[in-house]
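Listing of structure.pdb, PDB, N, CA, C and O atoms
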```pdb
MODEL        1
ATOM      1  N   MET A  17      53.548  75.448  81.457
ATOM      2  CA  MET A  17      53.299  74.029  81.413
ATOM      3  C   MET A  17      53.050  73.631  79.955
ATOM      4  O   MET A  17      52.367  74.340  79.226
ATOM      5  N   LYS A  18      53.583  72.493  79.570
ATOM      6  CA  LYS A  18      53.465  72.017  78.197
ATOM      7  C   LYS A  18      52.690  70.700  78.148
ATOM      8  O   LYS A  18      52.518  70.039  79.161
ATOM      9  N   ASN A  19      52.276  70.328  76.950
ATOM     10  CA  ASN A  19      51.664  69.026  76.687
ATOM     11  C   ASN A  19      50.493  68.714  77.613
ATOM     12  O   ASN A  19      50.436  67.663  78.246
ATOM     13  N   ARG A  20      49.544  69.604  77.688
ATOM     14  CA  ARG A  20      48.391  69.417  78.578
ATOM     15  C   ARG A  20      47.432  68.364  78.033
ATOM     16  O   ARG A  20      47.154  68.328  76.842
ATOM     17  N   THR A  21      46.923  67.519  78.923
ATOM     18  CA  THR A  21      45.916  66.526  78.576
ATOM     19  C   THR A  21      44.867  66.469  79.678
ATOM     20  O   THR A  21      45.155  66.767  80.833
ATOM     21  N   ARG A  22      43.648  66.071  79.308
ATOM     22  CA  ARG A  22      42.534  65.979  80.268
ATOM     23  C   ARG A  22      42.176  64.515  80.461
ATOM     24  O   ARG A  22      42.067  63.768  79.495
ATOM     25  N   HIS A  23      41.983  64.118  81.727
ATOM     26  CA  HIS A  23      41.661  62.732  82.051
ATOM     27  C   HIS A  23      40.558  62.707  83.103
ATOM     28  O   HIS A  23      40.525  63.542  83.998
ATOM     29  N   SER A  24      39.682  61.724  82.995
ATOM     30  CA  SER A  24      38.609  61.546  83.971
ATOM     31  C   SER A  24      38.704  60.154  84.572
ATOM     32  O   SER A  24      39.041  59.193  83.885
ATOM     33  N   GLY A  25      38.397  60.057  85.844
ATOM     34  CA  GLY A  25      38.417  58.775  86.539
ATOM     35  C   GLY A  25      38.403  58.993  88.034
ATOM     36  O   GLY A  25      38.166  60.098  88.518
ATOM     37  N   THR A  26      38.667  57.941  88.771
ATOM     38  CA  THR A  26      38.739  58.036  90.226
ATOM     39  C   THR A  26      40.084  58.631  90.611
ATOM     40  O   THR A  26      41.132  58.128  90.230
ATOM     41  N   PHE A  27      40.047  59.706  91.366
ATOM     42  CA  PHE A  27      41.255  60.405  91.802
ATOM     43  C   PHE A  27      41.758  59.778  93.093
ATOM     44  O   PHE A  27      40.987  59.554  94.015
ATOM     45  N   GLU A  28      43.055  59.499  93.163
ATOM     46  CA  GLU A  28      43.650  58.903  94.363
ATOM     47  C   GLU A  28      44.944  59.620  94.726
ATOM     48  O   GLU A  28      45.726  59.957  93.840
ATOM     49  N   ILE A  29      45.154  59.824  96.003
ATOM     50  CA  ILE A  29      46.448  60.298  96.488
ATOM     51  C   ILE A  29      47.270  59.064  96.803
ATOM     52  O   ILE A  29      46.883  58.246  97.636
ATOM     53  N   VAL A  30      48.401  58.902  96.122
ATOM     54  CA  VAL A  30      49.243  57.729  96.307
ATOM     55  C   VAL A  30      50.104  57.900  97.552
ATOM     56  O   VAL A  30      50.162  57.012  98.400
ATOM     57  N   ARG A  31      50.776  59.037  97.670
ATOM     58  CA  ARG A  31      51.593  59.310  98.862
ATOM     59  C   ARG A  31      51.893  60.795  98.955
ATOM     60  O   ARG A  31      51.817  61.521  97.984
ATOM     61  N   ARG A  32      52.257  61.204 100.143
ATOM     62  CA  ARG A  32      52.681  62.585 100.350
ATOM     63  C   ARG A  32      54.170  62.679 100.083
ATOM     64  O   ARG A  32      54.951  61.831 100.518
ATOM     65  N   GLU A  33      54.560  63.717  99.376
ATOM     66  CA  GLU A  33      55.972  63.977  99.080
ATOM     67  C   GLU A  33      56.513  64.997 100.083
ATOM     68  O   GLU A  33      55.768  65.518 100.914
ATOM     69  N   ARG A  34      57.802  65.289  99.968
ATOM     70  CA  ARG A  34      58.380  66.333 100.815
ATOM     71  C   ARG A  34      57.708  67.661 100.527
ATOM     72  O   ARG A  34      57.358  67.949  99.391
ATOM     73  N   SER A  35      57.548  68.476 101.541
ATOM     74  CA  SER A  35      56.952  69.795 101.355
ATOM     75  C   SER A  35      57.874  70.672 100.528
ATOM     76  O   SER A  35      59.081  70.433 100.436
ATOM     77  N   SER A  36      57.300  71.717  99.929
ATOM     78  CA  SER A  36      58.099  72.649  99.141
ATOM     79  C   SER A  36      59.002  73.460 100.073
ATOM     80  O   SER A  36      58.886  73.389 101.298
ATOM     81  N   ALA A  37      59.869  74.252  99.495
ATOM     82  CA  ALA A  37      60.790  75.065 100.297
ATOM     83  C   ALA A  37      60.035  76.038 101.198
ATOM     84  O   ALA A  37      60.530  76.409 102.266
ATOM     85  N   ASN A  38      58.837  76.429 100.798
ATOM     86  CA  ASN A  38      58.031  77.349 101.596
ATOM     87  C   ASN A  38      57.073  76.629 102.539
ATOM     88  O   ASN A  38      56.240  77.261 103.174
ATOM     89  N   GLY A  39      57.154  75.317 102.599
ATOM     90  CA  GLY A  39      56.352  74.544 103.544
ATOM     91  C   GLY A  39      54.998  74.092 103.044
ATOM     92  O   GLY A  39      54.197  73.592 103.823
ATOM     93  N   ASN A  40      54.715  74.259 101.762
ATOM     94  CA  ASN A  40      53.420  73.837 101.221
ATOM     95  C   ASN A  40      53.450  72.350 100.874
ATOM     96  O   ASN A  40      54.463  71.832 100.425
ATOM     97  N   PRO A  41      52.321  71.651 101.066
ATOM     98  CA  PRO A  41      52.296  70.200 100.835
ATOM     99  C   PRO A  41      52.398  69.840  99.360
ATOM    100  O   PRO A  41      51.965  70.599  98.494
ATOM    101  N   ARG A  42      52.972  68.663  99.084
ATOM    102  CA  ARG A  42      53.070  68.116  97.729
ATOM    103  C   ARG A  42      52.641  66.665  97.794
ATOM    104  O   ARG A  42      52.888  65.985  98.782
ATOM    105  N   TYR A  43      51.997  66.181  96.727
ATOM    106  CA  TYR A  43      51.497  64.816  96.696
ATOM    107  C   TYR A  43      51.784  64.159  95.357
ATOM    108  O   TYR A  43      51.858  64.830  94.327
ATOM    109  N   LEU A  44      51.933  62.844  95.390
ATOM    110  CA  LEU A  44      51.936  62.027  94.187
ATOM    111  C   LEU A  44      50.517  61.485  94.079
ATOM    112  O   LEU A  44      50.001  60.875  95.023
ATOM    113  N   CYS A  45      49.873  61.719  92.924
ATOM    114  CA  CYS A  45      48.474  61.348  92.738
ATOM    115  C   CYS A  45      48.327  60.462  91.512
ATOM    116  O   CYS A  45      49.227  60.357  90.689
ATOM    117  N   ARG A  46      47.132  59.860  91.385
ATOM    118  CA  ARG A  46      46.831  59.017  90.240
ATOM    119  C   ARG A  46      45.384  59.236  89.819
ATOM    120  O   ARG A  46      44.496  59.354  90.660
ATOM    121  N   CYS A  47      45.176  59.275  88.490
ATOM    122  CA  CYS A  47      43.835  59.362  87.935
ATOM    123  C   CYS A  47      43.877  58.763  86.540
ATOM    124  O   CYS A  47      44.742  59.122  85.743
ATOM    125  N   ASP A  48      42.981  57.840  86.243
ATOM    126  CA  ASP A  48      42.874  57.223  84.922
ATOM    127  C   ASP A  48      44.178  56.546  84.499
ATOM    128  O   ASP A  48      44.545  56.550  83.337
ATOM    129  N   GLY A  49      44.912  56.004  85.461
ATOM    130  CA  GLY A  49      46.155  55.300  85.157
ATOM    131  C   GLY A  49      47.381  56.183  85.038
ATOM    132  O   GLY A  49      48.484  55.689  84.821
ATOM    133  N   TYR A  50      47.233  57.492  85.161
ATOM    134  CA  TYR A  50      48.357  58.420  85.074
ATOM    135  C   TYR A  50      48.799  58.840  86.470
ATOM    136  O   TYR A  50      47.976  59.179  87.311
ATOM    137  N   TYR A  51      50.088  58.827  86.695
ATOM    138  CA  TYR A  51      50.671  59.292  87.948
ATOM    139  C   TYR A  51      51.240  60.675  87.726
ATOM    140  O   TYR A  51      51.919  60.921  86.722
ATOM    141  N   PHE A  52      51.001  61.578  88.669
ATOM    142  CA  PHE A  52      51.463  62.950  88.525
ATOM    143  C   PHE A  52      51.616  63.581  89.908
ATOM    144  O   PHE A  52      51.128  63.062  90.906
ATOM    145  N   TYR A  53      52.307  64.715  89.945
ATOM    146  CA  TYR A  53      52.593  65.420  91.187
ATOM    147  C   TYR A  53      51.822  66.734  91.236
ATOM    148  O   TYR A  53      51.475  67.291  90.202
ATOM    149  N   THR A  54      51.590  67.232  92.445
ATOM    150  CA  THR A  54      51.074  68.585  92.571
ATOM    151  C   THR A  54      52.256  69.532  92.412
ATOM    152  O   THR A  54      53.382  69.194  92.771
ATOM    153  N   ALA A  55      51.996  70.712  91.885
ATOM    154  CA  ALA A  55      53.068  71.687  91.653
ATOM    155  C   ALA A  55      53.556  72.276  92.976
ATOM    156  O   ALA A  55      52.785  72.395  93.930
ATOM    157  N   PRO A  56      54.836  72.634  93.043
ATOM    158  CA  PRO A  56      55.339  73.264  94.266
ATOM    159  C   PRO A  56      54.686  74.629  94.480
ATOM    160  O   PRO A  56      54.437  75.362  93.524
ATOM    161  N   ASP A  57      54.366  74.932  95.716
ATOM    162  CA  ASP A  57      53.769  76.210  96.115
ATOM    163  C   ASP A  57      52.465  76.506  95.380
ATOM    164  O   ASP A  57      52.169  77.643  95.031
ATOM    165  N   SER A  58      51.671  75.472  95.139
ATOM    166  CA  SER A  58      50.375  75.617  94.486
ATOM    167  C   SER A  58      49.271  75.357  95.506
ATOM    168  O   SER A  58      49.406  74.495  96.376
ATOM    169  N   ALA A  59      48.171  76.064  95.364
ATOM    170  CA  ALA A  59      47.021  75.841  96.249
ATOM    171  C   ALA A  59      46.406  74.472  96.017
ATOM    172  O   ALA A  59      45.677  73.965  96.872
ATOM    173  N   LEU A  60      46.713  73.840  94.880
ATOM    174  CA  LEU A  60      46.183  72.507  94.606
ATOM    175  C   LEU A  60      46.688  71.475  95.614
ATOM    176  O   LEU A  60      46.053  70.449  95.816
ATOM    177  N   GLY A  61      47.821  71.740  96.243
ATOM    178  CA  GLY A  61      48.335  70.842  97.271
ATOM    179  C   GLY A  61      47.371  70.699  98.439
ATOM    180  O   GLY A  61      47.328  69.669  99.108
ATOM    181  N   TYR A  62      46.587  71.727  98.696
ATOM    182  CA  TYR A  62      45.585  71.685  99.752
ATOM    183  C   TYR A  62      44.244  71.156  99.232
ATOM    184  O   TYR A  62      43.503  70.507  99.946
ATOM    185  N   LYS A  63      43.933  71.433  97.980
ATOM    186  CA  LYS A  63      42.640  71.089  97.398
ATOM    187  C   LYS A  63      42.488  69.593  97.101
ATOM    188  O   LYS A  63      41.384  69.055  97.169
ATOM    189  N   VAL A  64      43.578  68.894  96.780
ATOM    190  CA  VAL A  64      43.478  67.502  96.344
ATOM    191  C   VAL A  64      42.935  66.574  97.426
ATOM    192  O   VAL A  64      42.310  65.563  97.108
ATOM    193  N   LYS A  65      43.116  66.908  98.686
ATOM    194  CA  LYS A  65      42.614  66.043  99.756
ATOM    195  C   LYS A  65      41.093  65.919  99.717
ATOM    196  O   LYS A  65      40.541  64.912 100.133
ATOM    197  N   ASN A  66      40.410  66.930  99.184
ATOM    198  CA  ASN A  66      38.943  66.889  99.081
ATOM    199  C   ASN A  66      38.472  65.936  97.995
ATOM    200  O   ASN A  66      37.310  65.536  97.993
ATOM    201  N   PHE A  67      39.330  65.584  97.041
ATOM    202  CA  PHE A  67      38.952  64.738  95.916
ATOM    203  C   PHE A  67      39.407  63.288  96.062
ATOM    204  O   PHE A  67      39.106  62.467  95.201
ATOM    205  N   ASP A  68      40.133  62.957  97.104
ATOM    206  CA  ASP A  68      40.697  61.614  97.267
ATOM    207  C   ASP A  68      39.596  60.558  97.290
ATOM    208  O   ASP A  68      38.674  60.612  98.092
ATOM    209  N   GLY A  69      39.688  59.596  96.356
ATOM    210  CA  GLY A  69      38.731  58.503  96.273
ATOM    211  C   GLY A  69      37.436  58.843  95.556
ATOM    212  O   GLY A  69      36.514  58.034  95.530
ATOM    213  N   LYS A  70      37.345  60.017  94.960
ATOM    214  CA  LYS A  70      36.127  60.454  94.285
ATOM    215  C   LYS A  70      36.369  60.605  92.784
ATOM    216  O   LYS A  70      37.500  60.791  92.348
ATOM    217  N   PRO A  71      35.299  60.550  91.979
ATOM    218  CA  PRO A  71      35.464  60.789  90.546
ATOM    219  C   PRO A  71      35.874  62.240  90.290
ATOM    220  O   PRO A  71      35.363  63.158  90.941
ATOM    221  N   ALA A  72      36.792  62.440  89.360
ATOM    222  CA  ALA A  72      37.284  63.785  89.068
ATOM    223  C   ALA A  72      37.774  63.858  87.631
ATOM    224  O   ALA A  72      38.067  62.844  87.007
ATOM    225  N   THR A  73      37.867  65.077  87.138
ATOM    226  CA  THR A  73      38.481  65.361  85.849
ATOM    227  C   THR A  73      39.697  66.227  86.121
ATOM    228  O   THR A  73      39.585  67.272  86.769
ATOM    229  N   VAL A  74      40.856  65.784  85.649
ATOM    230  CA  VAL A  74      42.100  66.509  85.897
ATOM    231  C   VAL A  74      42.727  66.943  84.576
ATOM    232  O   VAL A  74      42.543  66.295  83.555
ATOM    233  N   VAL A  75      43.451  68.029  84.627
ATOM    234  CA  VAL A  75      44.279  68.468  83.510
ATOM    235  C   VAL A  75      45.712  68.382  84.010
ATOM    236  O   VAL A  75      46.060  68.979  85.037
ATOM    237  N   ILE A  76      46.521  67.580  83.308
ATOM    238  CA  ILE A  76      47.920  67.424  83.695
ATOM    239  C   ILE A  76      48.800  67.837  82.524
ATOM    240  O   ILE A  76      48.386  67.811  81.375
ATOM    241  N   GLY A  77      50.009  68.239  82.848
ATOM    242  CA  GLY A  77      50.956  68.651  81.823
ATOM    243  C   GLY A  77      52.368  68.426  82.306
ATOM    244  O   GLY A  77      52.606  68.025  83.447
ATOM    245  N   THR A  78      53.315  68.704  81.443
ATOM    246  CA  THR A  78      54.726  68.535  81.783
ATOM    247  C   THR A  78      55.276  69.849  82.330
ATOM    248  O   THR A  78      55.161  70.891  81.684
ATOM    249  N   TYR A  79      55.866  69.799  83.511
ATOM    250  CA  TYR A  79      56.459  70.964  84.155
ATOM    251  C   TYR A  79      57.805  70.532  84.698
ATOM    252  O   TYR A  79      57.875  69.657  85.564
ATOM    253  N   HIS A  80      58.874  71.088  84.176
ATOM    254  CA  HIS A  80      60.240  70.720  84.557
ATOM    255  C   HIS A  80      60.480  69.220  84.427
ATOM    256  O   HIS A  80      61.113  68.592  85.283
ATOM    257  N   GLY A  81      59.932  68.616  83.362
ATOM    258  CA  GLY A  81      60.175  67.200  83.080
ATOM    259  C   GLY A  81      59.339  66.212  83.874
ATOM    260  O   GLY A  81      59.565  65.020  83.791
ATOM    261  N   ARG A  82      58.367  66.683  84.650
ATOM    262  CA  ARG A  82      57.501  65.808  85.434
ATOM    263  C   ARG A  82      56.046  66.054  85.074
ATOM    264  O   ARG A  82      55.658  67.192  84.806
ATOM    265  N   LEU A  83      55.238  65.005  85.117
ATOM    266  CA  LEU A  83      53.803  65.192  84.948
ATOM    267  C   LEU A  83      53.283  65.893  86.198
ATOM    268  O   LEU A  83      53.515  65.461  87.330
ATOM    269  N   THR A  84      52.585  67.003  85.994
ATOM    270  CA  THR A  84      52.153  67.860  87.091
ATOM    271  C   THR A  84      50.691  68.235  86.927
ATOM    272  O   THR A  84      50.233  68.505  85.822
ATOM    273  N   LEU A  85      49.976  68.254  88.028
ATOM    274  CA  LEU A  85      48.566  68.619  88.042
ATOM    275  C   LEU A  85      48.412  70.116  87.782
ATOM    276  O   LEU A  85      49.040  70.928  88.439
ATOM    277  N   GLU A  86      47.562  70.447  86.806
ATOM    278  CA  GLU A  86      47.280  71.860  86.522
ATOM    279  C   GLU A  86      45.932  72.288  87.099
ATOM    280  O   GLU A  86      45.802  73.375  87.632
ATOM    281  N   SER A  87      44.919  71.407  86.963
ATOM    282  CA  SER A  87      43.609  71.734  87.529
ATOM    283  C   SER A  87      42.851  70.439  87.810
ATOM    284  O   SER A  87      43.168  69.386  87.283
ATOM    285  N   ILE A  88      41.849  70.574  88.688
ATOM    286  CA  ILE A  88      41.026  69.423  89.059
ATOM    287  C   ILE A  88      39.595  69.905  89.260
ATOM    288  O   ILE A  88      39.360  70.977  89.799
ATOM    289  N   GLN A  89      38.648  69.090  88.774
ATOM    290  CA  GLN A  89      37.222  69.412  88.941
ATOM    291  C   GLN A  89      36.489  68.174  89.384
ATOM    292  O   GLN A  89      36.773  67.095  88.977
TER     293      GLN A  89
ENDMDL
END
```

I'd like the structure from this file rewritten - as structure tokens, please.
Amino acid sequence: MKNRTRHSGTFEIVRRERSSANGNPRYLCRCDGYYFYTAPDSALGYKVKNFDGKPATVVIGTYHGRLTLESIQ
């Protein structure tokens, strides 16, 4: 992952995307005005539901040309 940045704000799940080829969930999310996706086949696809609507700090970066969630606290 390249171009990592850290942002804090209210974390929101905007919509659910198609599942990965292995059946893991993917989401389009927003935090601090930035829109980003969960990575395919990442455990973060399951973890983000616990943070929906709550304050969070996220690290996002560029992965295959898309802003992608790397970590959330």

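Here atom CA of Gly39 of chain A is placed at a distance of 20.4 Å from atom N of Ser87 of chain A.
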
- [ ] Determine the nearest neighbour of Val74 of chain A from the options A:Ala37, A:Met17, A:Asp48, A:Tyr43, counting only C-alpha atoms.
- [x] A:Asp48

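Applied to this file, the PyMOL selection byres ((chain A and resi 22) around 8) selects the residues Asn19, Arg20, Thr21, His23, Ser24, Gly25, Cys47, Ala72, Thr73, Val74, Val75, Ile76, Gly77 and Ser87 of chain A.
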
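Take the PyMOL selection byres ((chain A and resi 28) around 5) and apply it to this file: it picks A:Thr26, A:Phe27, A:Ile29, A:Val30, A:Leu44, A:Cys45, A:Arg46, A:Asp68, A:Gly69.
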
- [ ] Per DSSP on the backbone, filter segment 18-77 of chain A down to the residues in strand (DSSP E or B) and report them as number ranges by chain.
- [x] A: 18-26, 28-33, 42-47, 50-53, 71-77

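Using all atoms listed in the file, the smallest distance between any of A:Gly61, A:Lys18, A:Leu85, A:Tyr53 and Pro41 of chain A comes from A:Gly61.
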
TODO: Go through chain A and collect every residue that DSSP, computed from the backbone, puts in alpha helix (DSSP H); the answer should be as a PyMOL selection string.
DONE: chain A and resi 60-63

Could you save those same residues with N, CA, C and O atoms as a compact mmCIF listing (two decimals), in the frame of the given file?
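File produced: result.txt:
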```
# COMPACT_ATOMS: atom_id res chain seq x y z
N LEU A 60 46.71 73.84 94.88
CA LEU A 60 46.18 72.51 94.61
C LEU A 60 46.69 71.47 95.61
O LEU A 60 46.05 70.45 95.82
N GLY A 61 47.82 71.74 96.24
CA GLY A 61 48.34 70.84 97.27
C GLY A 61 47.37 70.70 98.44
O GLY A 61 47.33 69.67 99.11
N TYR A 62 46.59 71.73 98.70
CA TYR A 62 45.58 71.68 99.75
C TYR A 62 44.24 71.16 99.23
O TYR A 62 43.50 70.51 99.95
N LYS A 63 43.93 71.43 97.98
CA LYS A 63 42.64 71.09 97.40
C LYS A 63 42.49 69.59 97.10
O LYS A 63 41.38 69.06 97.17
```

TODO: Can you work out the spacing between atom O of Thr78 of chain A and atom CA of Pro56 of chain A in Å, to one decimal?
DONE: 12.8 Å

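With all atoms listed in the file as the atoms that count, the residue of A:Tyr62, A:Lys70, A:Leu83, A:Phe52 with the shortest distance to Asn40 of chain A is A:Tyr62.
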
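Put simply, atom CA of His80 of chain A is 23.7 Å away from atom CA of Lys65 of chain A.
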